[in-house]
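Listing of work-v4.txt, compact mmCIF, C-alpha atoms
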# COMPACT_ATOMS: atom_id res chain seq x y z
CA MET A 1 36.27 33.85 -13.79
CA SER A 2 33.24 31.92 -14.95
CA VAL A 3 30.58 30.65 -12.61
CA SER A 4 30.20 26.90 -12.79
CA ALA A 5 26.83 25.66 -13.94
CA ARG A 6 24.51 24.09 -11.42
CA PRO A 7 24.43 20.29 -11.62
CA ASP A 8 21.52 18.83 -13.52
CA PRO A 9 19.07 17.44 -10.88
CA GLU A 10 18.11 14.52 -13.12
CA ARG A 11 21.76 13.52 -13.54
CA VAL A 12 22.31 13.81 -9.79
CA TRP A 13 19.28 11.59 -9.17
CA LEU A 14 20.49 9.01 -11.68
CA ALA A 15 23.95 9.05 -10.11
CA VAL A 16 22.56 8.52 -6.60
CA VAL A 17 20.22 5.71 -7.64
CA GLY A 18 22.91 4.12 -9.79
CA THR A 19 25.39 4.22 -6.91
CA ILE A 20 22.96 2.59 -4.48
CA VAL A 21 22.02 -0.14 -6.94
CA GLY A 22 25.66 -0.64 -7.88
CA VAL A 23 26.73 -1.05 -4.26
CA LEU A 24 24.02 -3.66 -3.67
CA VAL A 25 24.77 -5.56 -6.89
CA VAL A 26 28.56 -5.52 -6.50
CA GLY A 27 28.33 -6.18 -2.78
CA SER A 28 25.98 -9.12 -3.36
CA ALA A 29 28.44 -10.55 -5.88
CA LEU A 30 31.58 -10.09 -3.76
CA LEU A 31 30.12 -10.54 -0.26
CA PRO A 32 26.84 -12.39 -0.81
CA ARG A 33 26.43 -13.38 2.84
CA VAL A 34 26.64 -9.79 4.07
CA PHE A 35 24.84 -7.88 1.31
CA TYR A 36 22.37 -10.37 -0.13
CA ASP A 37 21.65 -13.06 2.48
CA ASP A 38 21.70 -10.98 5.65
CA PHE A 39 20.22 -7.81 4.17
CA VAL A 40 18.41 -8.06 0.82
CA TRP A 41 17.02 -11.56 1.28
CA HIS A 42 16.44 -11.40 5.03
CA TYR A 43 14.53 -8.13 5.12
CA PHE A 44 13.15 -7.66 1.61
CA TRP A 45 12.97 -10.64 -0.76
CA GLY A 46 12.64 -13.42 1.83
CA PRO A 47 9.35 -12.07 3.27
CA VAL A 48 7.93 -11.82 -0.26
CA VAL A 49 8.93 -15.42 -1.02
CA ALA A 50 7.41 -16.64 2.25
CA ASP A 51 4.18 -14.75 1.58
CA ALA A 52 3.98 -15.94 -2.03
CA ASN A 53 4.21 -19.55 -0.84
CA ASP A 54 1.70 -19.03 1.99
CA ALA A 55 4.31 -20.10 4.55
CA PHE A 56 4.77 -19.06 8.16
CA CYS A 57 8.41 -18.43 7.27
CA ALA A 58 11.03 -19.05 4.60
CA VAL A 59 14.47 -20.29 5.64
CA LYS A 60 17.54 -19.74 3.46
CA THR A 61 20.46 -22.12 3.81
CA PRO A 62 23.40 -22.92 1.52
CA GLY A 63 21.30 -25.78 0.19
CA GLY A 64 18.37 -23.61 -0.86
CA VAL A 65 15.13 -22.21 0.57
CA THR A 66 12.69 -24.22 2.66
CA PHE A 67 9.25 -23.25 3.95
CA HIS A 68 7.63 -23.96 7.31
CA SER A 69 4.02 -23.69 8.37
CA THR A 70 4.39 -23.37 12.16
CA ALA A 71 6.11 -20.94 14.51
CA ALA A 72 7.87 -23.80 16.30
CA ALA A 73 9.45 -25.05 13.08
CA CYS A 74 10.61 -21.55 12.21
CA ASP A 75 12.13 -21.04 15.65
CA ALA A 76 14.03 -24.33 15.37
CA ALA A 77 15.23 -23.75 11.81
CA ALA A 78 18.93 -23.24 11.14
CA GLY A 79 19.54 -20.54 8.58
CA ILE A 80 18.28 -17.09 7.71
CA VAL A 81 14.61 -16.92 8.64
CA ALA A 82 12.24 -14.50 6.91
CA HIS A 83 8.59 -14.06 7.91
CA PRO A 84 5.84 -12.60 5.72
CA GLY A 85 5.16 -8.97 6.44
CA TYR A 86 7.37 -6.11 7.50
CA THR A 87 10.11 -5.27 9.98
CA PHE A 88 11.36 -1.88 11.09
CA VAL A 89 14.39 -2.32 8.81
CA SER A 90 12.25 -3.08 5.76
CA GLU A 91 9.80 -0.28 6.48
CA ILE A 92 12.65 2.24 6.74
CA GLY A 93 14.08 0.88 3.50
CA TYR A 94 10.72 1.17 1.75
CA ALA A 95 10.21 4.70 3.05
CA VAL A 96 13.59 5.82 1.73
CA THR A 97 12.90 4.08 -1.60
CA LEU A 98 9.54 5.82 -1.85
CA VAL A 99 11.05 9.27 -1.36
CA VAL A 100 13.81 8.61 -3.90
CA MET A 101 11.36 7.22 -6.45
CA LEU A 102 9.00 10.17 -5.96
CA VAL A 103 11.77 12.52 -7.02
CA GLY A 104 12.37 10.41 -10.12
CA VAL A 105 8.67 10.38 -10.97
CA VAL A 106 8.59 14.18 -10.69
CA PHE A 107 11.31 14.34 -13.35
CA LEU A 108 9.33 11.92 -15.52
CA LEU A 109 6.10 13.92 -15.20
CA ARG A 110 8.00 17.09 -16.02
CA ARG A 111 9.24 15.53 -19.25
CA LEU A 112 5.70 14.35 -20.09
CA ASP A 113 4.40 17.83 -19.17
CA ILE A 114 1.63 16.52 -16.90
CA GLY A 115 0.89 16.16 -13.21
CA ASP A 116 0.68 19.82 -12.23
CA ASP A 117 -3.12 19.96 -11.89
CA ARG A 118 -5.50 18.41 -9.38
CA GLY A 119 -7.33 16.43 -12.04
CA PHE A 120 -4.27 14.18 -12.25
CA PHE A 121 -4.64 13.32 -8.57
CA PHE A 122 -8.28 12.28 -8.85
CA ALA A 123 -7.63 10.32 -12.06
CA LEU A 124 -5.19 8.15 -10.09
CA LEU A 125 -7.61 7.28 -7.26
CA PRO A 126 -8.89 4.08 -8.97
CA TYR A 127 -5.33 2.77 -9.13
CA MET A 128 -4.97 3.07 -5.37
CA PHE A 129 -8.09 0.94 -4.86
CA LEU A 130 -6.83 -1.45 -7.54
CA GLY A 131 -3.52 -2.00 -5.74
CA GLY A 132 -5.32 -3.11 -2.58
CA ALA A 133 -7.72 -5.31 -4.53
CA LEU A 134 -4.89 -7.03 -6.42
CA ARG A 135 -3.22 -7.82 -3.11
CA VAL A 136 -6.41 -9.63 -2.06
CA VAL A 137 -6.22 -11.76 -5.23
CA GLU A 138 -3.01 -13.26 -3.85
CA ASP A 139 -4.62 -13.69 -0.42
CA ALA A 140 -7.54 -15.49 -2.06
CA ASP A 141 -5.29 -17.80 -4.05
CA ASN A 142 -3.39 -18.66 -0.87
CA ALA A 143 -6.67 -19.59 0.78
CA ILE A 144 -7.46 -22.14 -1.95
CA PRO A 145 -6.29 -25.58 -0.73
CA PRO A 146 -3.55 -27.57 -2.50
CA GLY A 147 -4.73 -29.52 -5.52
CA VAL A 148 -7.28 -26.91 -6.53
CA GLU A 149 -6.30 -24.78 -9.49
CA ALA A 150 -5.53 -21.19 -8.45
CA GLY A 151 -5.33 -18.26 -10.79
CA VAL A 152 -1.88 -16.94 -9.84
CA HIS A 153 1.07 -19.19 -9.02
CA TYR A 154 4.55 -18.57 -7.62
CA PRO A 155 6.66 -16.81 -8.83
CA TRP A 156 4.05 -14.71 -10.66
CA ASN A 157 2.04 -14.05 -7.51
CA ALA A 158 5.10 -12.26 -6.12
CA LEU A 159 4.22 -9.42 -8.50
CA ILE A 160 1.12 -8.64 -6.42
CA ILE A 161 2.74 -8.91 -2.99
CA SER A 162 4.07 -5.89 -1.10
CA PRO A 163 6.43 -4.25 -1.87
CA ILE A 164 6.76 -5.70 -5.39
CA ILE A 165 3.16 -4.74 -6.08
CA TYR A 166 4.13 -1.06 -5.89
CA PHE A 167 6.48 -1.55 -8.84
CA THR A 168 3.82 -3.57 -10.64
CA MET A 169 1.25 -0.83 -10.11
CA PHE A 170 3.77 1.81 -11.19
CA ALA A 171 4.37 -0.02 -14.47
CA PHE A 172 0.63 -0.47 -15.10
CA THR A 173 -0.12 3.14 -14.22
CA LEU A 174 2.70 4.45 -16.41
CA ALA A 175 1.40 2.41 -19.34
CA ALA A 176 -2.10 3.80 -18.73
CA ILE A 177 -0.71 7.35 -18.62
CA LEU A 178 1.11 6.90 -21.92
CA VAL A 179 -2.00 5.47 -23.59
CA SER A 180 -4.15 8.27 -22.19
CA LEU A 181 -1.69 10.92 -23.36
CA TRP A 182 -1.64 9.41 -26.83
CA LEU A 183 -5.44 9.50 -26.96
CA ALA A 184 -5.51 13.13 -25.84
CA ARG A 185 -2.64 14.43 -27.94
CA SER A 186 -3.89 12.69 -31.08
CA GLY A 187 -7.24 14.42 -30.70
CA ARG A 188 -9.27 11.31 -29.86
CA VAL A 189 -10.29 12.65 -26.42
CA GLU A 190 -10.34 16.13 -24.95
CA SER A 191 -8.35 15.38 -21.81
CA TYR A 192 -6.06 12.56 -20.73
CA GLU A 193 -7.51 12.44 -17.20
CA ARG A 194 -10.77 10.73 -18.23
CA PRO A 195 -9.27 7.74 -20.07
CA LEU A 196 -6.64 7.48 -17.33
CA ALA A 197 -9.32 7.18 -14.67
CA ALA A 198 -11.35 4.82 -16.88
CA ILE A 199 -8.44 2.40 -17.35
CA GLY A 200 -7.87 2.24 -13.60
CA ALA A 201 -11.59 1.77 -12.93
CA ALA A 202 -11.75 -1.03 -15.51
CA GLY A 203 -8.84 -2.80 -13.84
CA LEU A 204 -10.59 -2.48 -10.47
CA VAL A 205 -13.88 -3.86 -11.82
CA LEU A 206 -12.11 -6.84 -13.42
CA THR A 207 -10.22 -7.58 -10.20
CA LEU A 208 -13.37 -7.43 -8.08
CA GLY A 209 -15.10 -9.59 -10.65
CA TYR A 210 -12.36 -12.20 -10.35
CA LEU A 211 -12.69 -12.18 -6.55
CA GLY A 212 -16.45 -12.56 -6.94
CA PHE A 213 -15.86 -15.50 -9.29
CA LEU A 214 -13.67 -17.18 -6.68
CA ALA A 215 -16.28 -16.54 -4.00
CA ALA A 216 -18.98 -18.14 -6.16
CA ASN A 217 -16.94 -21.15 -7.27
CA THR A 218 -14.59 -22.07 -4.42
CA ALA A 219 -15.39 -22.97 -0.85
CA ALA A 220 -12.20 -21.33 0.45
CA VAL A 221 -13.32 -17.83 -0.60
CA GLY A 222 -16.50 -16.44 0.93
CA PHE A 223 -18.48 -13.26 0.66
CA TYR A 224 -19.32 -11.09 3.67
CA PRO A 225 -20.55 -7.77 2.28
CA GLN A 226 -21.52 -6.55 5.75
CA VAL A 227 -17.83 -5.98 6.44
CA ALA A 228 -17.38 -3.59 3.50
CA VAL A 229 -20.63 -1.79 4.38
CA VAL A 230 -19.55 -1.26 8.00
CA VAL A 231 -16.06 -0.08 7.02
CA LEU A 232 -17.23 2.32 4.30
CA VAL A 233 -20.09 3.77 6.34
CA ALA A 234 -17.99 4.16 9.50
CA THR A 235 -15.16 5.78 7.54
CA SER A 236 -17.48 8.25 5.84
CA VAL A 237 -19.29 9.12 9.09
CA ILE A 238 -16.00 9.75 10.91
CA VAL A 239 -14.59 11.87 8.10
CA GLY A 240 -17.86 13.76 7.72
CA GLY A 241 -17.92 14.54 11.43
CA LEU A 242 -14.29 15.62 11.45
CA TRP A 243 -14.78 17.78 8.38
CA SER A 244 -17.77 19.50 9.94
CA GLY A 245 -15.97 20.11 13.22
CA LEU A 246 -12.72 21.25 11.63
CA ASP A 247 -14.60 23.63 9.35
CA ARG A 248 -15.73 25.42 12.50
CA TRP A 249 -12.67 25.14 14.75
CA TRP A 250 -9.79 24.92 12.25
CA PRO A 251 -11.13 26.30 8.96
CA THR A 252 -7.71 26.80 7.37
CA ILE A 253 -6.59 23.15 7.55
CA PHE A 254 -8.04 22.27 4.13
CA ALA A 255 -7.43 25.69 2.59
CA GLY A 256 -4.44 24.53 0.57
CA THR A 257 -5.50 21.00 -0.37
CA GLY A 258 -9.27 21.36 -0.71
CA LEU A 259 -10.93 18.07 -1.70
CA ILE A 260 -7.53 16.38 -1.95
CA GLY A 261 -7.15 16.92 1.79
CA ILE A 262 -10.49 15.22 2.37
CA ALA A 263 -9.28 12.31 0.22
CA VAL A 264 -6.12 12.05 2.35
CA LEU A 265 -8.18 11.98 5.55
CA TRP A 266 -10.68 9.47 4.10
CA ALA A 267 -7.94 7.13 2.86
CA HIS A 268 -6.12 6.90 6.18
CA THR A 269 -9.33 6.73 8.17
CA LEU A 270 -10.35 3.80 5.96
CA ASP A 271 -7.06 2.10 6.82
CA GLY A 272 -7.65 2.65 10.52
CA VAL A 273 -11.30 1.58 10.45
CA SER A 274 -10.47 -1.53 8.39
CA ASN A 275 -8.02 -2.54 11.11
CA VAL A 276 -10.48 -1.88 13.92
CA VAL A 277 -13.25 -3.82 12.19
CA GLY A 278 -11.05 -6.69 11.02
CA ILE A 279 -8.95 -7.08 14.16
CA ASP A 280 -11.55 -6.47 16.86
CA TRP A 281 -14.94 -7.26 15.32
CA GLY A 282 -14.34 -9.95 12.70
CA ALA A 283 -16.05 -12.68 14.70
CA GLU A 284 -19.03 -10.44 15.51
CA LEU A 285 -19.48 -9.71 11.80
CA GLY A 286 -19.58 -13.40 10.96
CA LEU A 287 -16.07 -13.99 9.60
CA PRO A 288 -15.34 -17.73 9.79
CA TYR A 289 -11.77 -17.33 11.02
CA GLY A 290 -12.52 -14.66 13.61
CA ASP A 291 -10.30 -11.60 13.80
CA LEU A 292 -7.44 -10.58 11.50
CA VAL A 293 -3.81 -10.44 12.64
CA PRO A 294 -1.78 -7.27 11.88
CA LYS A 295 1.48 -7.62 9.91
CA HIS A 296 3.05 -4.18 10.25
CA PRO A 297 5.29 -3.70 13.32
CA VAL A 298 3.95 -0.17 13.94
CA ASN A 299 0.41 -1.52 13.81
CA ARG A 300 1.28 -4.32 16.22
CA ALA A 301 2.93 -1.87 18.60
CA LEU A 302 -0.12 0.41 18.65
CA ILE A 303 -2.43 -2.55 19.20
CA GLY A 304 -0.15 -3.46 22.09
CA VAL A 305 -1.01 -0.08 23.60
CA GLY A 306 -4.71 -0.92 23.31
CA GLN A 307 -4.12 -4.28 24.94
CA ARG A 308 -2.80 -2.57 28.08
CA PHE A 309 -6.19 -1.07 28.88
CA PRO A 310 -8.51 -2.84 31.35
CA ALA A 311 -10.48 -5.81 30.06
CA ALA A 312 -13.74 -3.94 30.49
CA VAL A 313 -12.51 -1.20 28.15
CA ARG A 314 -11.12 -3.69 25.61
CA HIS A 315 -14.44 -5.53 25.59
CA VAL A 316 -16.26 -2.37 24.52
CA VAL A 317 -13.81 -0.62 22.15
CA GLY A 318 -11.34 -3.38 21.25
CA THR A 319 -7.57 -2.97 20.95
CA ALA A 320 -6.96 -1.51 17.47
CA TRP A 321 -8.45 1.95 18.12
CA PRO A 322 -5.02 3.55 18.92
CA PHE A 323 -4.00 2.76 15.33
CA LEU A 324 -7.12 4.51 14.02
CA LEU A 325 -6.44 7.59 16.16
CA VAL A 326 -2.81 7.77 15.01
CA LYS A 327 -3.85 7.43 11.36
CA ILE A 328 -6.36 10.26 11.69
CA ALA A 329 -3.92 12.50 13.57
CA ALA A 330 -1.14 11.82 11.06
CA ALA A 331 -3.43 12.55 8.10
CA LEU A 332 -4.59 15.85 9.60
CA PHE A 333 -1.01 16.83 10.39
CA VAL A 334 0.13 16.13 6.83
CA VAL A 335 -2.82 18.01 5.33
CA SER A 336 -2.08 21.01 7.53
CA LEU A 337 1.42 21.25 6.00
CA PHE A 338 0.11 21.79 2.48
CA ASP A 339 -0.84 25.40 1.95
CA GLU A 340 -1.40 27.35 -1.27
CA THR A 341 2.29 28.31 -1.43
CA ILE A 342 3.44 24.69 -1.84
CA PHE A 343 1.14 24.19 -4.81
CA GLU A 344 2.26 27.46 -6.37
CA GLU A 345 6.00 26.79 -6.03
CA ASN A 346 6.12 23.11 -7.04
CA PRO A 347 2.68 21.78 -7.98
CA ARG A 348 3.94 18.50 -9.49
CA TYR A 349 5.85 17.46 -6.41
CA ALA A 350 3.01 18.56 -4.10
CA ILE A 351 0.39 16.58 -6.01
CA LEU A 352 2.62 13.54 -6.43
CA LEU A 353 3.50 13.56 -2.74
CA LEU A 354 -0.20 13.65 -1.89
CA VAL A 355 -0.80 10.77 -4.31
CA ALA A 356 1.82 8.73 -2.44
CA ILE A 357 0.37 9.71 0.95
CA VAL A 358 -3.12 8.62 -0.11
CA ALA A 359 -1.79 5.40 -1.68
CA VAL A 360 -0.05 4.20 1.51
CA GLY A 361 -3.38 4.56 3.33
CA LEU A 362 -5.91 3.60 0.68
CA GLY A 363 -3.99 0.59 -0.64
CA PRO A 364 -3.58 -1.25 2.70
CA GLY A 365 -7.02 -0.11 3.85
CA THR A 366 -8.68 -1.48 0.73
CA ARG A 367 -6.77 -4.72 1.07
CA ASP A 368 -7.81 -5.21 4.71
CA MET A 369 -11.44 -4.36 3.93
CA LEU A 370 -11.66 -6.69 0.91
CA ARG A 371 -9.68 -9.42 2.60
CA ALA A 372 -12.29 -9.55 5.34
CA THR A 373 -15.15 -9.10 2.85
CA PHE A 374 -14.06 -12.21 0.94
CA GLY A 375 -13.05 -14.13 4.06
CA VAL A 376 -9.42 -14.64 3.14
Could I get this file's structure written as structure tokens?
Amino acid sequence: MSVSARPDPERVWLAVVGTIVGVLVVGSALLPRVFYDDFVWHYFWGPVVADANDAFCAVKTPGGVTFHSTAAACDAAAGIVAHPGYTFVSEIGYAVTLVVMLVGVVFLLRRLDIGDDRGFFFALLPYMFLGGALRVVEDADNAIPPGVEAGVHYPWNALIISPIIYFTMFAFTLAAILVSLWLARSGRVESYERPLAAIGAAGLVLTLGYLGFLAANTAAVGFYPQVAVVVLVATSVIVGGLWSGLDRWWPTIFAGTGLIGIAVLWAHTLDGVSNVVGIDWGAELGLPYGDLVPKHPVNRALIGVGQRFPAAVRHVVGTAWPFLLVKIAAALFVVSLFDETIFEENPRYAILLLVAIVAVGLGPGTRDMLRATFGV
């Protein structure tokens, strides 16, 4: 009696993804109200459309999609209402999608025979900053008043709005990886990591240059470098202090990850500090519109915790500090899970998972910091 062969993991992954996509496509065709209108459009595509059109909400009716600029108009609208930002349903959907896509990327990296060394992680850091900066390009274009030529128009600006921007950045990063591999394997460079990092850094410089151009040539986009200085210095001081203290009291926490663990902590601390600075201290730092408003439901809930403290406490420390504490605690917890064994058994998946963990902190953190820096 022969032993049946184990199923090919790549085929299993393709079957799972194909089934999910097939159910959504067929369901949207046969029962569009249930699958597309009430689920796909309401929680995923509708918020992107509303954000891309700089609307308070987008409303889908049988006659088409309309946009409203006030909360009252959205509340009174008849149809399926989608607001820019995230809901718990969409965040769960994105989290599941991220995990599934990570598995697929592991298979891709295995076929390319890369991604099992730490140099790959650090070569991808510029792309994480770039994703946040590109998101600010759309924010800046939204800030430019009607009648003034903006650089990115709907529907193209949807490519740099969350969550579509993650697919955009994946495509750009994959193209950069393929170019870098060609350069290395054809003998033009010694290692693919350097051109890979250089391409990402070039994209970041060009994006920041475009934002600087808008700041210099349009009244709607400003420049408040003090915000970026405060965020970067505060983040580095907090991480430096934590690193020093943990090295004494919990020396094994970074044993498995090393400098990657510090990058994880720095990325999520940046996200937390950007929220604290933008939400609680925007007016004090000279931002013309005052403080930022959080879009993520988890962020809003944690700020709600801060709002329950006495007014005297809120006046001193603000309301966004619970989000910063949770981000730091979550980053330290994740780092503590990665020991040497994980890297030895499956280095590609470990490194790629850490890339994703850093990206979901560094991308939004960079966006919030630059959004406040350019006053949009």
For this session: Find, counting all atoms listed in the file, the residue in A:Ile303, A:Ile328, A:Ile238, A:Met169 that gets nearest to Leu124 of chain A.
Result: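 For Leu124 of chain A, the nearest of the given residues is A:Met169.
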- Query: Taking into account all atoms listed in the file, which residue in the set A:Asp368, A:Asp271, A:Glu10, A:Glu284 is nearest to Leu108 of chain A?
  - Reply: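 Going through A:Asp368, A:Asp271, A:Glu10, A:Glu284 one by one, the smallest distance to Leu108 of chain A is for A:Glu10.
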Selection near Tyr127 of chain A, 8 Å with all atoms listed in the file, sequence-local residues under 2 positions removed, as an mmCIF file with C-alpha atoms, in the frame of the given file:
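To be explicit, this is the file written out as around.cif:
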data_model
loop_
_atom_site.group_PDB
_atom_site.id
_atom_site.type_symbol
_atom_site.label_atom_id
_atom_site.label_comp_id
_atom_site.auth_asym_id
_atom_site.auth_seq_id
_atom_site.Cartn_x
_atom_site.Cartn_y
_atom_site.Cartn_z
ATOM 1 C CA LEU A 124 -5.190 8.150 -10.090
ATOM 2 C CA LEU A 125 -7.610 7.280 -7.260
ATOM 3 C CA PHE A 129 -8.090 0.940 -4.860
ATOM 4 C CA LEU A 130 -6.830 -1.450 -7.540
ATOM 5 C CA GLY A 131 -3.520 -2.000 -5.740
ATOM 6 C CA MET A 169 1.250 -0.830 -10.110
ATOM 7 C CA THR A 173 -0.120 3.140 -14.220
ATOM 8 C CA GLY A 200 -7.870 2.240 -13.600
ATOM 9 C CA ALA A 201 -11.590 1.770 -12.930
ATOM 10 C CA LEU A 204 -10.590 -2.480 -10.470
#
* May I have the protein, DNA and RNA residues with any atom at most 9 Å from the point (-7.1, 0.2, 15.1), counting only C-alpha atoms, written as a PyMOL selection string? => chain A and resi 271-280+299+302-303+306+318-327
task = Name all residues at most 12 Å from Val105 of chain A (count all atoms listed in the file; drop same-chain ones fewer than 2 positions away) and give them as a PyMOL selection string.
result = chain A and resi 10+13-14+98-103+107-115+170-171+173-174+348-349+351-353+355-356
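Taking only C-alpha atoms into account, Ile165 of chain A lies nearest to A:Gly132 out of the set A:Pro32, A:Pro9, A:Gly18, A:Gly132.
Counting all atoms listed in the file and comparing A:Val40, A:Val334, A:Val231, A:Met128, the residue that lies closest to Leu362 of chain A is A:Met128.
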Taken to one decimal, the atom CA of Tyr154 of chain A-atom CA of Ala73 of chain A distance is 22.2 Å
Quick one: everything within 10 Å of Ala58 of chain A, counting only C-alpha atoms, minus sequence neighbours fewer than 2 positions away in the same chain. Send it as number ranges by chain. A: 42, 46-51, 53-56, 60-61, 65-69, 74, 77, 79-84
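From atom CA of Asp37 of chain A back to atom CA of Ala158 of chain A, the distance works out to 18.7 Å.
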Could you state the separation of atom CA of Leu208 of chain A and atom CA of Tyr86 of chain A in Å, given to one decimal place?
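Interatomic distance, atom CA of Leu208 of chain A to atom CA of Tyr86 of chain A: 26.0 Å.
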Output as a CSV table (one decimal), in the coordinates of the input: segment 132-147 of chain A, completed with N, CA and C atoms.
chain,number,residue,atom,x,y,z
A,132,GLY,N,-4.8,-2.3,-3.7
A,132,GLY,CA,-5.3,-3.1,-2.6
A,132,GLY,C,-6.1,-4.3,-3.0
A,133,ALA,N,-6.9,-4.2,-4.1
A,133,ALA,CA,-7.7,-5.3,-4.5
A,133,ALA,C,-6.8,-6.4,-5.1
A,134,LEU,N,-5.8,-6.0,-5.9
A,134,LEU,CA,-4.9,-7.0,-6.4
A,134,LEU,C,-4.2,-7.8,-5.3
A,135,ARG,N,-3.9,-7.1,-4.2
A,135,ARG,CA,-3.2,-7.8,-3.1
A,135,ARG,C,-4.1,-8.9,-2.5
A,136,VAL,N,-5.5,-8.7,-2.6
A,136,VAL,CA,-6.4,-9.6,-2.1
A,136,VAL,C,-6.5,-10.8,-3.0
A,137,VAL,N,-6.2,-10.6,-4.3
A,137,VAL,CA,-6.2,-11.8,-5.2
A,137,VAL,C,-5.2,-12.8,-4.8
A,138,GLU,N,-4.0,-12.3,-4.3
A,138,GLU,CA,-3.0,-13.3,-3.8
A,138,GLU,C,-3.5,-13.9,-2.5
A,139,ASP,N,-4.1,-13.1,-1.7
A,139,ASP,CA,-4.6,-13.7,-0.4
A,139,ASP,C,-5.6,-14.8,-0.7
A,140,ALA,N,-6.5,-14.5,-1.7
A,140,ALA,CA,-7.5,-15.5,-2.1
A,140,ALA,C,-6.9,-16.8,-2.6
A,141,ASP,N,-5.9,-16.6,-3.5
A,141,ASP,CA,-5.3,-17.8,-4.0
A,141,ASP,C,-4.6,-18.6,-3.0
A,142,ASN,N,-4.0,-17.9,-2.0
A,142,ASN,CA,-3.4,-18.7,-0.9
A,142,ASN,C,-4.4,-19.4,-0.1
A,143,ALA,N,-5.6,-18.9,0.0
A,143,ALA,CA,-6.7,-19.6,0.8
A,143,ALA,C,-7.2,-20.9,0.1
A,144,ILE,N,-7.0,-21.0,-1.2
A,144,ILE,CA,-7.5,-22.1,-2.0
A,144,ILE,C,-6.6,-23.3,-1.6
A,145,PRO,N,-7.1,-24.4,-1.2
A,145,PRO,CA,-6.3,-25.6,-0.7
A,145,PRO,C,-5.5,-26.2,-1.9
A,146,PRO,N,-4.4,-26.9,-1.5
A,146,PRO,CA,-3.6,-27.6,-2.5
A,146,PRO,C,-4.4,-28.5,-3.4
A,147,GLY,N,-4.0,-28.6,-4.6
A,147,GLY,CA,-4.7,-29.5,-5.5
A,147,GLY,C,-5.8,-28.9,-6.3
